[in-house]
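Have a look at run-v4.txt below; it lists compact mmCIF, C-alpha atoms and all ligand atoms.
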```txt
# COMPACT_ATOMS: atom_id res chain seq x y z
CA MET O 27 126.03 109.17 101.42
CA ARG O 28 125.56 108.54 105.11
CA VAL O 29 122.13 107.22 105.93
CA ARG O 30 120.68 108.52 109.17
CA LEU O 31 118.28 106.07 110.72
CA LEU O 32 115.48 106.77 113.10
CA MET O 33 114.52 104.63 116.02
CA LEU O 34 110.97 103.64 115.25
CA LYS O 35 110.31 100.85 117.66
CA ALA O 36 108.56 102.76 120.39
CA GLY O 37 106.61 104.82 117.88
CA CYS O 38 105.46 101.75 116.07
CA LEU O 39 104.24 100.12 119.23
CA VAL O 40 102.05 103.15 119.79
CA LEU O 41 100.79 103.06 116.23
CA PHE O 42 100.39 99.30 116.51
CA ALA O 43 97.62 99.83 119.02
CA ALA O 44 95.82 101.76 116.33
CA GLY O 45 96.42 99.10 113.72
CA CYS O 46 99.80 99.98 112.16
CA ALA O 47 101.27 96.55 112.74
CA VAL O 48 99.39 94.90 109.96
CA GLY O 49 100.03 97.35 107.19
CA ALA O 50 97.75 99.61 105.29
CA GLY O 51 94.25 99.65 103.87
CA ALA O 52 91.30 97.64 105.04
CA GLN O 53 93.44 95.74 107.52
CA VAL O 54 93.91 98.86 109.63
CA SER O 55 90.27 99.43 110.41
CA GLN O 56 89.82 95.75 111.19
CA ASN O 57 92.57 96.00 113.75
CA VAL O 58 91.23 99.16 115.34
CA GLN O 59 88.14 97.14 116.11
CA ALA O 60 90.41 94.31 117.18
CA VAL O 61 92.19 96.14 119.97
CA GLN O 62 88.92 96.81 121.74
CA LEU O 63 88.48 93.08 122.04
CA THR O 64 91.91 92.13 123.20
CA GLN O 65 91.61 92.78 126.92
CA GLU O 66 89.08 90.09 127.31
CA ALA O 67 90.65 87.85 124.69
CA GLN O 68 94.08 87.97 126.28
CA ALA O 69 93.42 85.78 129.27
CA PRO O 70 90.22 83.86 128.70
CA GLY O 71 89.07 82.26 131.87
CA VAL O 72 91.70 83.91 134.06
CA VAL O 73 89.23 85.76 136.26
CA GLY O 74 87.54 84.96 139.53
CA THR O 75 88.96 83.42 142.68
CA HIS O 76 92.60 82.68 143.33
CA GLY O 77 91.90 78.96 142.86
CA ALA O 78 90.11 79.49 139.57
CA ARG O 79 92.94 81.69 138.33
CA ALA O 80 95.54 79.11 139.28
CA LYS O 81 93.57 76.36 137.53
CA ALA O 82 93.21 78.44 134.38
CA ALA O 83 96.91 79.32 134.41
CA LYS O 84 97.80 75.64 134.78
CA GLU O 85 95.57 74.72 131.86
CA GLN O 86 97.11 77.44 129.72
CA ALA O 87 100.60 76.19 130.57
CA GLN O 88 99.60 72.63 129.66
CA ARG O 89 98.11 73.84 126.40
CA ALA O 90 101.28 75.82 125.59
CA ALA O 91 103.43 72.75 126.26
CA ALA O 92 101.21 70.62 124.01
CA LEU O 93 101.44 73.19 121.20
CA ALA O 94 105.22 73.37 121.52
CA LYS O 95 105.44 69.60 121.01
CA ILE O 96 103.58 69.79 117.69
CA ALA O 97 105.40 72.78 116.18
CA PRO O 98 108.57 73.50 118.17
CA ALA O 99 109.91 75.50 115.21
CA PRO O 100 107.94 77.40 112.53
CA PRO O 101 106.42 74.73 110.25
CA MET O 102 108.14 74.26 106.88
CA GLY O 103 106.62 72.80 103.76
CA TRP O 104 104.71 73.63 100.60
CA ASN O 105 101.11 74.66 99.87
CA SER O 106 99.17 74.42 96.62
CA TRP O 107 97.31 77.75 96.69
CA ASN O 108 99.84 80.38 95.60
CA PHE O 109 100.60 78.68 92.29
CA PHE O 110 97.91 76.08 91.52
CA ALA O 111 94.96 77.72 93.32
CA GLY O 112 91.69 75.97 92.31
CA LYS O 113 93.38 73.76 89.69
CA VAL O 114 95.38 71.58 92.09
CA THR O 115 95.05 67.80 91.57
CA ASP O 116 96.26 64.57 93.14
CA LYS O 117 98.96 64.42 90.45
CA ASP O 118 100.26 67.89 91.35
CA ILE O 119 100.59 66.79 94.97
CA ARG O 120 102.44 63.59 94.03
CA ASP O 121 104.73 65.47 91.63
CA THR O 122 105.43 68.01 94.35
CA ALA O 123 106.19 65.28 96.87
CA ASN O 124 108.66 63.68 94.44
CA LEU O 125 110.32 67.02 93.72
CA LEU O 126 110.55 68.02 97.38
CA VAL O 127 112.69 64.91 97.76
CA SER O 128 114.77 65.12 94.56
CA SER O 129 115.45 68.87 94.86
CA GLY O 130 116.73 68.51 98.42
CA MET O 131 113.92 70.62 99.84
CA ARG O 132 112.65 67.89 102.13
CA ASP O 133 116.11 67.46 103.61
CA ALA O 134 116.37 71.23 104.01
CA GLY O 135 113.25 71.03 106.22
CA TYR O 136 110.25 71.46 103.89
CA VAL O 137 108.22 68.46 105.07
CA TYR O 138 104.54 69.44 104.96
CA VAL O 139 102.78 69.09 101.60
CA ASN O 140 99.57 71.04 102.06
CA ILE O 141 96.52 70.79 99.84
CA ASP O 142 94.65 74.10 100.02
CA ASP O 143 91.03 74.80 99.03
CA THR O 144 89.16 72.93 96.22
CA TRP O 145 89.83 69.30 97.18
CA GLU O 146 86.39 68.94 98.81
CA GLY O 147 83.52 66.91 97.39
CA GLU O 148 80.00 66.26 98.70
CA ARG O 149 79.11 64.64 102.02
CA ASP O 150 77.77 61.08 101.94
CA ALA O 151 74.41 60.08 103.47
CA SER O 152 75.94 59.86 106.94
CA GLY O 153 77.58 63.26 106.60
CA HIS O 154 81.14 62.13 105.91
CA ILE O 155 83.10 64.47 103.68
CA GLN O 156 84.34 63.01 100.38
CA SER O 157 87.14 64.36 98.25
CA ASN O 158 86.15 65.45 94.72
CA SER O 159 87.19 63.92 91.41
CA LYS O 160 90.54 65.78 91.38
CA PHE O 161 91.50 63.70 94.46
CA PRO O 162 90.23 60.15 93.86
CA ASP O 163 91.73 58.58 97.00
CA MET O 164 92.93 60.79 99.83
CA LYS O 165 94.11 57.90 101.99
CA ALA O 166 96.24 56.52 99.19
CA LEU O 167 97.62 60.00 98.55
CA ALA O 168 98.55 60.38 102.23
CA GLU O 169 100.26 56.99 102.14
CA TYR O 170 102.23 58.05 99.09
CA VAL O 171 103.27 61.36 100.67
CA HIS O 172 104.24 59.60 103.91
CA SER O 173 106.27 57.03 101.97
CA LYS O 174 108.46 59.91 100.80
CA GLY O 175 109.21 60.97 104.37
CA LEU O 176 106.79 63.90 104.06
CA LYS O 177 103.55 64.90 105.77
CA LEU O 178 100.17 65.80 104.28
CA GLY O 179 98.16 68.91 105.06
CA ILE O 180 94.58 69.77 104.22
CA TYR O 181 92.24 72.78 104.30
CA SER O 182 88.74 73.52 105.56
CA SER O 183 86.57 76.27 107.04
CA PRO O 184 84.46 76.62 110.19
CA GLY O 185 81.77 77.93 107.84
CA ALA O 186 79.35 75.94 105.69
CA LYS O 187 81.40 76.88 102.62
CA THR O 188 85.10 77.50 102.07
CA CYS O 189 86.36 80.66 100.42
CA ALA O 190 86.24 78.94 97.00
CA ARG O 191 82.65 77.85 97.88
CA TYR O 192 83.40 74.17 98.48
CA GLU O 193 82.05 72.18 101.42
CA GLY O 194 83.16 73.55 104.85
CA SER O 195 83.07 71.87 108.26
CA LEU O 196 80.18 73.71 109.98
CA GLY O 197 78.24 71.17 112.08
CA HIS O 198 80.61 68.35 111.05
CA GLU O 199 83.76 69.28 112.93
CA GLU O 200 84.26 66.00 114.80
CA GLN O 201 83.35 63.93 111.82
CA ASP O 202 85.80 65.85 109.64
CA ALA O 203 88.62 65.62 112.16
CA GLU O 204 88.02 61.85 112.34
CA THR O 205 88.08 61.61 108.56
CA TYR O 206 91.35 63.55 108.39
CA ALA O 207 92.85 61.25 111.01
CA GLU O 208 91.67 58.18 109.09
CA TRP O 209 93.25 59.51 105.91
CA GLY O 210 96.51 60.29 107.73
CA ILE O 211 96.41 64.09 107.66
CA ASP O 212 99.13 65.93 109.60
CA TYR O 213 98.17 69.61 109.21
CA LEU O 214 94.93 71.57 108.95
CA LYS O 215 94.56 75.12 107.65
CA TYR O 216 91.19 76.35 108.92
CA ASP O 217 89.99 79.38 107.00
CA LEU O 218 87.22 81.62 108.39
CA CYS O 219 85.51 82.32 105.01
CA SER O 220 81.72 81.94 105.26
CA TYR O 221 81.73 81.58 109.04
CA ARG O 222 81.65 85.38 109.02
CA THR O 223 78.07 85.18 107.82
CA VAL O 224 77.20 83.04 110.84
CA MET O 225 78.86 85.60 113.10
CA GLN O 226 76.98 88.46 111.47
CA GLN O 227 73.67 86.64 111.60
CA GLN O 228 73.99 85.45 115.18
CA ALA O 229 75.39 88.68 116.61
CA PRO O 230 74.53 91.55 114.30
CA ASN O 231 76.43 94.76 115.10
CA ASP O 232 78.12 93.21 118.12
CA PRO O 233 81.84 92.78 117.35
CA GLN O 234 82.64 91.37 120.78
CA ALA O 235 79.99 88.67 120.53
CA GLN O 236 81.16 87.95 116.97
CA ASN O 237 84.69 87.55 118.27
CA ARG O 238 83.48 85.07 120.92
CA LEU O 239 81.69 83.06 118.23
CA MET O 240 84.79 82.99 116.08
CA ARG O 241 87.00 81.84 118.93
CA ALA O 242 84.47 79.19 119.91
CA ALA O 243 84.41 77.90 116.32
CA TYR O 244 88.20 77.60 116.27
CA GLU O 245 88.16 75.91 119.67
CA THR O 246 85.53 73.41 118.49
CA MET O 247 87.83 72.19 115.73
CA HIS O 248 90.80 72.20 118.11
CA GLN O 249 88.94 69.84 120.45
CA ALA O 250 87.91 67.67 117.50
CA LEU O 251 91.53 67.42 116.37
CA LEU O 252 92.66 66.50 119.88
CA LYS O 253 90.09 63.69 120.00
CA ALA O 254 91.22 62.42 116.63
CA THR O 255 94.86 62.53 117.73
CA ALA O 256 94.04 60.67 120.93
CA LYS O 257 92.73 57.82 118.76
CA THR O 258 95.47 57.71 116.14
CA GLY O 259 98.51 59.15 117.90
CA ARG O 260 99.01 61.39 114.86
CA PRO O 261 99.41 65.04 115.90
CA ILE O 262 97.84 67.60 113.56
CA VAL O 263 99.34 71.07 113.20
CA TYR O 264 96.52 73.60 113.54
CA SER O 265 96.83 76.65 111.28
CA LEU O 266 94.31 79.48 111.70
CA CYS O 267 93.46 81.66 108.74
CA GLN O 268 91.25 84.63 109.56
CA TYR O 269 93.48 87.32 108.09
CA GLY O 270 94.75 88.72 111.41
CA TRP O 271 91.40 90.02 112.59
CA ASP O 272 90.73 90.82 116.23
CA SER O 273 94.44 90.63 117.12
CA VAL O 274 94.48 86.87 116.69
CA TRP O 275 98.08 86.79 117.94
CA GLN O 276 96.70 87.53 121.41
CA TRP O 277 94.25 84.62 121.58
CA GLY O 278 95.44 82.13 118.92
CA PRO O 279 97.18 79.83 121.43
CA SER O 280 94.08 79.80 123.66
CA VAL O 281 92.15 78.04 120.87
CA GLY O 282 94.98 75.60 120.18
CA ALA O 283 96.55 77.36 117.19
CA ASN O 284 100.11 76.49 116.24
CA LEU O 285 100.11 79.36 113.78
CA TRP O 286 97.74 82.08 112.67
CA ARG O 287 97.70 84.30 109.63
CA THR O 288 98.42 87.90 110.57
CA THR O 289 97.34 89.42 107.25
CA GLY O 290 95.13 89.22 104.20
CA ASP O 291 96.41 87.30 101.19
CA ILE O 292 99.92 87.65 99.85
CA SER O 293 100.53 87.95 96.10
CA ALA O 294 103.61 87.55 93.94
CA ASN O 295 104.56 91.19 93.78
CA PHE O 296 107.21 93.01 95.75
CA ASP O 297 104.98 95.81 97.02
CA ARG O 298 102.58 93.37 98.64
CA ILE O 299 105.35 91.16 100.03
CA SER O 300 107.18 94.11 101.57
CA GLU O 301 103.96 95.67 102.86
CA ILE O 302 103.15 92.43 104.69
CA GLY O 303 106.70 91.86 105.94
CA ARG O 304 107.23 95.42 107.18
CA GLY O 305 103.77 95.37 108.76
CA GLN O 306 104.82 92.61 111.19
CA ALA O 307 106.81 95.04 113.37
CA GLY O 308 105.65 94.82 116.98
CA LEU O 309 104.30 91.26 116.76
CA ALA O 310 107.48 89.49 117.93
CA LYS O 311 106.37 89.03 121.51
CA PHE O 312 103.38 86.94 120.46
CA ALA O 313 105.43 84.21 118.75
CA GLY O 314 107.40 81.35 120.26
CA PRO O 315 107.84 77.58 120.13
CA GLY O 316 104.46 76.01 119.31
CA HIS O 317 102.70 79.27 118.41
CA TRP O 318 103.79 81.33 115.43
CA ASN O 319 102.72 84.46 113.58
CA ASP O 320 102.08 83.58 109.94
CA PRO O 321 102.49 86.41 107.42
CA ASP O 322 101.23 83.99 104.70
CA MET O 323 102.91 81.52 102.41
CA LEU O 324 106.02 82.19 100.34
CA GLU O 325 105.85 83.55 96.80
CA VAL O 326 109.56 82.88 96.14
CA GLY O 327 109.76 81.65 92.54
CA ASN O 328 106.30 82.90 91.57
CA GLY O 329 105.35 85.77 89.28
CA LYS O 330 108.09 88.07 88.06
CA LEU O 331 110.02 88.59 91.29
CA THR O 332 113.68 89.43 90.65
CA HIS O 333 116.52 87.57 92.36
CA ASP O 334 116.95 90.36 94.93
CA GLU O 335 113.21 90.42 95.59
CA ASN O 336 113.15 86.66 96.20
CA VAL O 337 116.14 86.97 98.55
CA THR O 338 114.48 89.86 100.42
CA HIS O 339 111.23 87.85 100.75
CA MET O 340 113.07 84.80 102.11
CA THR O 341 115.13 86.96 104.48
CA LEU O 342 112.13 88.86 105.83
CA TRP O 343 110.27 85.60 106.53
CA ALA O 344 113.37 84.10 108.21
CA MET O 345 113.78 87.20 110.38
CA LEU O 346 110.11 86.90 111.33
CA ALA O 347 110.45 83.25 112.39
CA ALA O 348 107.61 82.79 109.92
CA PRO O 349 106.36 79.42 108.78
CA LEU O 350 108.27 78.70 105.56
CA ILE O 351 105.57 77.27 103.32
CA ALA O 352 106.81 77.44 99.73
CA GLY O 353 104.16 78.21 97.13
CA ASN O 354 105.94 77.77 93.81
CA ASN O 355 105.56 75.19 91.04
CA LEU O 356 108.39 72.78 91.77
CA THR O 357 108.17 71.24 88.29
CA GLN O 358 109.56 74.54 86.98
CA MET O 359 111.93 75.47 89.81
CA THR O 360 115.24 76.89 88.56
CA PRO O 361 118.51 76.21 90.43
CA GLU O 362 118.54 79.91 91.39
CA ILE O 363 115.13 79.67 93.11
CA GLY O 364 116.12 76.38 94.73
CA ALA O 365 119.22 78.08 96.14
CA VAL O 366 117.12 80.88 97.70
CA LEU O 367 114.61 78.46 99.25
CA MET O 368 117.32 76.09 100.45
CA ASN O 369 119.89 78.52 101.81
CA LYS O 370 120.86 76.60 104.94
CA GLU O 371 121.92 79.63 106.94
CA ALA O 372 118.75 81.60 106.20
CA ILE O 373 116.66 78.55 107.16
CA ALA O 374 118.68 78.16 110.36
CA ILE O 375 117.84 81.76 111.30
CA ASP O 376 114.13 81.05 110.78
CA GLN O 377 114.25 77.75 112.67
CA ASP O 378 116.59 78.84 115.47
CA ALA O 379 115.80 76.94 118.67
CA LEU O 380 115.36 80.11 120.70
CA GLY O 381 112.13 80.62 118.75
CA ARG O 382 112.33 84.41 118.91
CA GLN O 383 110.75 86.48 116.14
CA GLY O 384 112.83 89.41 114.91
CA ASP O 385 111.72 93.02 114.99
CA ARG O 386 112.48 96.34 113.34
CA ILE O 387 115.23 98.26 115.10
CA PHE O 388 115.67 101.27 112.77
CA ALA O 389 114.07 102.72 109.74
CA GLU O 390 114.52 105.71 107.55
CA GLY O 391 112.59 105.90 104.32
CA PRO O 392 113.17 102.73 102.35
CA VAL O 393 115.96 101.46 104.61
CA GLU O 394 115.08 99.24 107.55
CA ILE O 395 117.25 97.23 109.93
CA TRP O 396 115.71 94.24 111.67
CA ALA O 397 117.35 92.11 114.36
CA LYS O 398 116.55 88.59 115.57
CA PRO O 399 118.12 87.05 118.68
CA LEU O 400 119.57 83.58 118.05
CA THR O 401 120.92 80.79 120.23
CA GLY O 402 124.51 81.04 121.42
CA GLY O 403 124.31 84.79 122.02
CA ARG O 404 124.25 85.42 118.26
CA THR O 405 122.06 87.97 116.46
CA ALA O 406 120.79 87.97 112.89
CA ILE O 407 120.78 91.46 111.40
CA ALA O 408 119.00 92.21 108.13
CA ILE O 409 119.56 95.53 106.38
CA PHE O 410 116.75 95.99 103.87
CA ASN O 411 116.45 98.47 101.04
CA PHE O 412 112.81 98.59 99.95
CA GLY O 413 113.58 101.54 97.68
CA GLU O 414 113.93 101.93 93.94
CA SER O 415 117.69 102.53 93.81
CA ALA O 416 120.76 101.09 95.54
CA MET O 417 121.61 102.62 98.92
CA ARG O 418 125.24 103.16 99.89
CA GLY O 419 126.93 103.80 103.18
CA ILE O 420 124.47 102.07 105.46
CA GLY O 421 125.88 101.23 108.90
CA LEU O 422 124.86 98.68 111.50
CA HIS O 423 123.75 100.68 114.53
CA LEU O 424 124.84 97.87 116.84
CA LYS O 425 124.43 99.93 119.97
CA GLN O 426 120.69 100.12 119.47
CA MET O 427 120.67 96.31 119.48
CA GLY O 428 122.47 96.24 122.79
CA LEU O 429 125.77 95.23 121.16
CA HIS O 430 128.94 97.12 122.05
CA GLY O 431 132.33 97.35 120.39
CA LYS O 432 133.30 95.01 117.59
CA VAL O 433 131.44 91.85 116.67
CA THR O 434 132.42 88.86 114.55
CA ALA O 435 130.19 88.77 111.48
CA ARG O 436 129.17 86.47 108.67
CA ASP O 437 127.38 87.60 105.51
CA VAL O 438 124.74 84.91 104.92
CA TRP O 439 123.81 85.46 101.26
CA ALA O 440 127.43 86.10 100.23
CA GLY O 441 128.47 83.01 102.25
CA LYS O 442 131.46 84.99 103.55
CA ASP O 443 133.03 85.60 106.95
CA LEU O 444 133.60 89.31 107.49
CA GLY O 445 135.85 89.07 110.55
CA LYS O 446 135.47 91.75 113.23
CA ILE O 447 133.27 94.71 112.37
CA GLY O 448 131.83 97.64 114.31
CA ASP O 449 129.53 100.58 113.89
CA ASP O 450 131.92 102.15 111.37
CA TRP O 451 131.30 99.28 108.93
CA ARG O 452 129.40 100.39 105.83
CA THR O 453 127.56 98.43 103.15
CA ILE O 454 125.69 98.91 99.88
CA VAL O 455 122.24 97.39 99.56
CA PRO O 456 120.77 96.95 96.07
CA ARG O 457 117.28 98.10 95.03
CA HIS O 458 114.66 95.81 96.67
CA GLY O 459 117.60 93.95 98.25
CA VAL O 460 119.04 93.00 101.61
CA VAL O 461 122.31 92.28 103.39
CA LEU O 462 121.85 89.55 105.99
CA LEU O 463 124.45 89.10 108.71
CA VAL O 464 124.85 86.84 111.69
CA VAL O 465 126.98 88.47 114.38
CA TRP O 466 128.33 87.34 117.74
C1 LIG U 501 91.80 82.57 101.37
C2 LIG U 501 93.13 82.28 102.04
C3 LIG U 501 94.09 81.78 100.99
C4 LIG U 501 93.51 80.53 100.35
C5 LIG U 501 92.10 80.80 99.81
C6 LIG U 501 91.44 79.53 99.30
O1 LIG U 501 90.89 83.00 102.33
O2 LIG U 501 93.62 83.45 102.63
O3 LIG U 501 95.35 81.52 101.56
O4 LIG U 501 93.47 79.51 101.30
O5 LIG U 501 91.28 81.37 100.79
O6 LIG U 501 90.12 79.74 98.89
```

For this file, write the structure as structure tokens.
Amino acid sequence: MRVRLLMLKAGCLVLFAAGCAVGAGAQVSQNVQAVQLTQEAQAPGVVGTHGARAKAAKEQAQRAAALAKIAPAPPMGWNSWNFFAGKVTDKDIRDTANLLVSSGMRDAGYVYVNIDDTWEGERDASGHIQSNSKFPDMKALAEYVHSKGLKLGIYSSPGAKTCARYEGSLGHEEQDAETYAEWGIDYLKYDLCSYRTVMQQQAPNDPQAQNRLMRAAYETMHQALLKATAKTGRPIVYSLCQYGWDSVWQWGPSVGANLWRTTGDISANFDRISEIGRGQAGLAKFAGPGHWNDPDMLEVGNGKLTHDENVTHMTLWAMLAAPLIAGNNLTQMTPEIGAVLMNKEAIAIDQDALGRQGDRIFAEGPVEIWAKPLTGGRTAIAIFNFGESAMRGIGLHLKQMGLHGKVTARDVWAGKDLGKIGDDWRTIVPRHGVVLLVVW
């Protein structure tokens, strides 16, 4: 069977303006509201006289350079939420740190060990946040993680409460940033959660004013982190989590974000993973060194995902230059899962120094072809089959990627050189599977 593929790119960009880029359901209406806000959000401060514009542009360039120093490539590591959720303990973090080293994951690039929600305790009399009984000594834990050649991440919210209803940072931003610096924290995920209530209370029925409040809250923590870093010299990766609302990709860097979630929560099922991954089409131009779109943490090795589904998940995230934050229980990781997470060539596509996010080039039904420009004039090409049965006879459509004649190709997951191939090359892609090539 010959699969005819449609060029969707232009169409999707049109739909994107109406919310198609972030998938279906509730997300769509949130993004319809979002586009109305983007004009103003796009270039905050870049209005007024020539001098004022030049000053603002200079500041933005300085900010971009600072971000690029902290996260030149999409951050890689592990986060506790997808597997341990509210049960995570100090011991889980230490076990994970040990296993990141012994499994080879650290050396493959997974260096951040991120504690998600539910570590927080009460504040002391002077307002300093304490960890709860699951984390008896955060500073000692950070020292342990650092001693393994890894970095420690933590989680909070601009609201009074986190999403799991633990203590948030509202009104204590500087104090919290100082505490993180004292502990030796290297990464902060800052999750909107109950700050939405503040936005609704302070600006009822005014989405633009709510957006300004949200951006100000993220900027407040950014400034607090900068102050903390100035004291300690320890840079802190700043990860925004507000589910992609208000086109965060357009203003994330202006509040100091190194990465921002583009979607609601992922879960360990293929429909959700592919919905999120496919929904990222059109977002490529917003990502680059220092500032990355984050389609949420990996579920590779969680739930009942099949081998092909895990490979497709890893490939999609690599094509998206997404942060690769594993979310599985490393104490139970099989060699097969380890091989997916540690495939050197897939990781190299994600981490490529050009820092370009891939985009969808063609789609017809369940078949999609995505391309990602790489250094050295190379291109990564992923041919996905999101459908329920194997698809045969799928070609490359090189011309639509600006490639002409024959190219030299390597099949990443097969670990095989394919020699010279052209548009007459055909492949079979299994159900929920992918063929990933690098061509030049
Ligand atoms: C959600 C967030 C998840 C996780 C959770 C913790 O808002 O999207 O990734 O952090 O909160 O409560």

All residues having an atom within 6 Å of ligand LIG 501 (chain U) (all atoms listed in the file) as a PyMOL selection string | chain O and resi 107+142-143+189-190+217+291

Find the residue from O:His458, O:Arg418, O:Arg132, O:Lys432 that sits nearest to Gly175 of chain O; use all atoms listed in the file when measuring.
-> O:Arg132

Could you jot down the atom CA of Val465 of chain O to atom CA of Arg298 of chain O separation for me, Å, one decimal place?
-> 29.4 Å

Quick one: contact table of segment 99-126 of chain O to segment 335-353 of chain O, 8 Å max, nearest atom pair and distance in Å to one decimal per residue, counting all atoms listed in the file, chain and number order, as CSV?
```
residue,atom,partner,partner_atom,distance
O:Pro100,CA,O:Pro349,CA,4.5
O:Pro101,CA,O:Pro349,CA,4.9
O:Met102,CA,O:Leu350,CA,4.6
O:Gly103,CA,O:Ile351,CA,4.6
O:Trp104,CA,O:Ala352,CA,4.4
O:Asn105,CA,O:Gly353,CA,5.4
O:Ser106,CA,O:Gly353,CA,6.3
O:Trp107,CA,O:Gly353,CA,6.9
O:Asn108,CA,O:Gly353,CA,5.1
O:Phe109,CA,O:Gly353,CA,6.0
```

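In this structure, atom CA of Gly185 of chain O sits 26.6 Å away from atom CA of Phe312 of chain O.
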
Give me the residues of segment 274-371 of chain O that have any atom at most 12 Å from an atom of segment 233-243 of chain O; for each, the nearest atom pair and the distance in Å, rounded to one decimal. Use only C-alpha atoms, sort by chain and number, and format it as CSV.
```
residue,atom,partner,partner_atom,distance
O:Val274,CA,O:Arg241,CA,9.3
O:Gln276,CA,O:Arg241,CA,11.5
O:Trp277,CA,O:Arg241,CA,8.2
O:Gly278,CA,O:Arg241,CA,8.4
O:Pro279,CA,O:Arg241,CA,10.7
O:Ser280,CA,O:Arg241,CA,8.8
O:Val281,CA,O:Arg241,CA,6.7
O:Gly282,CA,O:Arg241,CA,10.2
O:Ala283,CA,O:Arg241,CA,10.7
```

Using only C-alpha atoms, which residue out of O:Gly194, O:Gly303, O:Gly77, O:Gly130 lies closest to His154 of chain O?
->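 Among O:Gly194, O:Gly303, O:Gly77, O:Gly130, it is O:Gly194 that comes nearest to His154 of chain O.
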
O:Trp318, O:Tyr216, O:Phe412, O:Phe296 ranked by distance to Thr332 of chain O, top pick (using all atoms listed in the file) | O:Phe296

Quick one: which segment 138-232 of chain O residues come within 12 Å of segment 254-272 of chain O, and what is the nearest atom pair for each with the distance in Å to one decimal, counting all atoms listed in the file, rows ordered by chain and ascending number, as JSON lines?
```
{"residue": "O:Tyr138", "atom": "CA", "partner": "O:Val263", "partner_atom": "CA", "distance": 9.9}
{"residue": "O:Asn140", "atom": "CA", "partner": "O:Ser265", "partner_atom": "CA", "distance": 11.1}
{"residue": "O:Asp142", "atom": "CA", "partner": "O:Cys267", "partner_atom": "CA", "distance": 11.6}
{"residue": "O:Lys177", "atom": "CA", "partner": "O:Ile262", "partner_atom": "CA", "distance": 10.0}
{"residue": "O:Leu178", "atom": "CA", "partner": "O:Ile262", "partner_atom": "CA", "distance": 9.7}
{"residue": "O:Gly179", "atom": "CA", "partner": "O:Val263", "partner_atom": "CA", "distance": 8.5}
{"residue": "O:Ile180", "atom": "CA", "partner": "O:Ser265", "partner_atom": "CA", "distance": 10.1}
{"residue": "O:Tyr181", "atom": "CA", "partner": "O:Ser265", "partner_atom": "CA", "distance": 9.2}
{"residue": "O:Ser182", "atom": "CA", "partner": "O:Cys267", "partner_atom": "CA", "distance": 9.9}
{"residue": "O:Ser183", "atom": "CA", "partner": "O:Cys267", "partner_atom": "CA", "distance": 8.9}
{"residue": "O:Pro184", "atom": "CA", "partner": "O:Leu266", "partner_atom": "CA", "distance": 10.4}
{"residue": "O:Gly185", "atom": "CA", "partner": "O:Gln268", "partner_atom": "CA", "distance": 11.7}
{"residue": "O:Thr188", "atom": "CA", "partner": "O:Cys267", "partner_atom": "CA", "distance": 11.5}
{"residue": "O:Cys189", "atom": "CA", "partner": "O:Cys267", "partner_atom": "CA", "distance": 11.0}
{"residue": "O:Glu199", "atom": "CA", "partner": "O:Ala254", "partner_atom": "CA", "distance": 10.8}
{"residue": "O:Glu200", "atom": "CA", "partner": "O:Ala254", "partner_atom": "CA", "distance": 8.0}
{"residue": "O:Gln201", "atom": "CA", "partner": "O:Ala254", "partner_atom": "CA", "distance": 9.3}
{"residue": "O:Asp202", "atom": "CA", "partner": "O:Ala254", "partner_atom": "CA", "distance": 9.5}
{"residue": "O:Ala203", "atom": "CA", "partner": "O:Ala254", "partner_atom": "CA", "distance": 6.1}
{"residue": "O:Glu204", "atom": "CA", "partner": "O:Ala254", "partner_atom": "CA", "distance": 5.4}
{"residue": "O:Thr205", "atom": "CA", "partner": "O:Ala254", "partner_atom": "CA", "distance": 8.7}
{"residue": "O:Tyr206", "atom": "CA", "partner": "O:Ala254", "partner_atom": "CA", "distance": 8.3}
{"residue": "O:Ala207", "atom": "CA", "partner": "O:Ala254", "partner_atom": "CA", "distance": 6.0}
{"residue": "O:Glu208", "atom": "CA", "partner": "O:Thr258", "partner_atom": "CA", "distance": 8.0}
{"residue": "O:Trp209", "atom": "CA", "partner": "O:Thr258", "partner_atom": "CA", "distance": 10.6}
{"residue": "O:Gly210", "atom": "CA", "partner": "O:Arg260", "partner_atom": "CA", "distance": 7.6}
{"residue": "O:Ile211", "atom": "CA", "partner": "O:Ile262", "partner_atom": "CA", "distance": 7.0}
{"residue": "O:Asp212", "atom": "CA", "partner": "O:Ile262", "partner_atom": "CA", "distance": 4.5}
{"residue": "O:Tyr213", "atom": "CA", "partner": "O:Val263", "partner_atom": "CA", "distance": 4.4}
{"residue": "O:Leu214", "atom": "CA", "partner": "O:Tyr264", "partner_atom": "CA", "distance": 5.3}
{"residue": "O:Lys215", "atom": "CA", "partner": "O:Ser265", "partner_atom": "CA", "distance": 4.5}
{"residue": "O:Tyr216", "atom": "CA", "partner": "O:Leu266", "partner_atom": "CA", "distance": 5.2}
{"residue": "O:Asp217", "atom": "CA", "partner": "O:Cys267", "partner_atom": "CA", "distance": 4.5}
{"residue": "O:Leu218", "atom": "CA", "partner": "O:Gln268", "partner_atom": "CA", "distance": 5.2}
{"residue": "O:Cys219", "atom": "CA", "partner": "O:Gln268", "partner_atom": "CA", "distance": 7.7}
{"residue": "O:Ser220", "atom": "CA", "partner": "O:Gln268", "partner_atom": "CA", "distance": 10.8}
{"residue": "O:Tyr221", "atom": "CA", "partner": "O:Gln268", "partner_atom": "CA", "distance": 10.0}
{"residue": "O:Arg222", "atom": "CA", "partner": "O:Gln268", "partner_atom": "CA", "distance": 9.6}
```
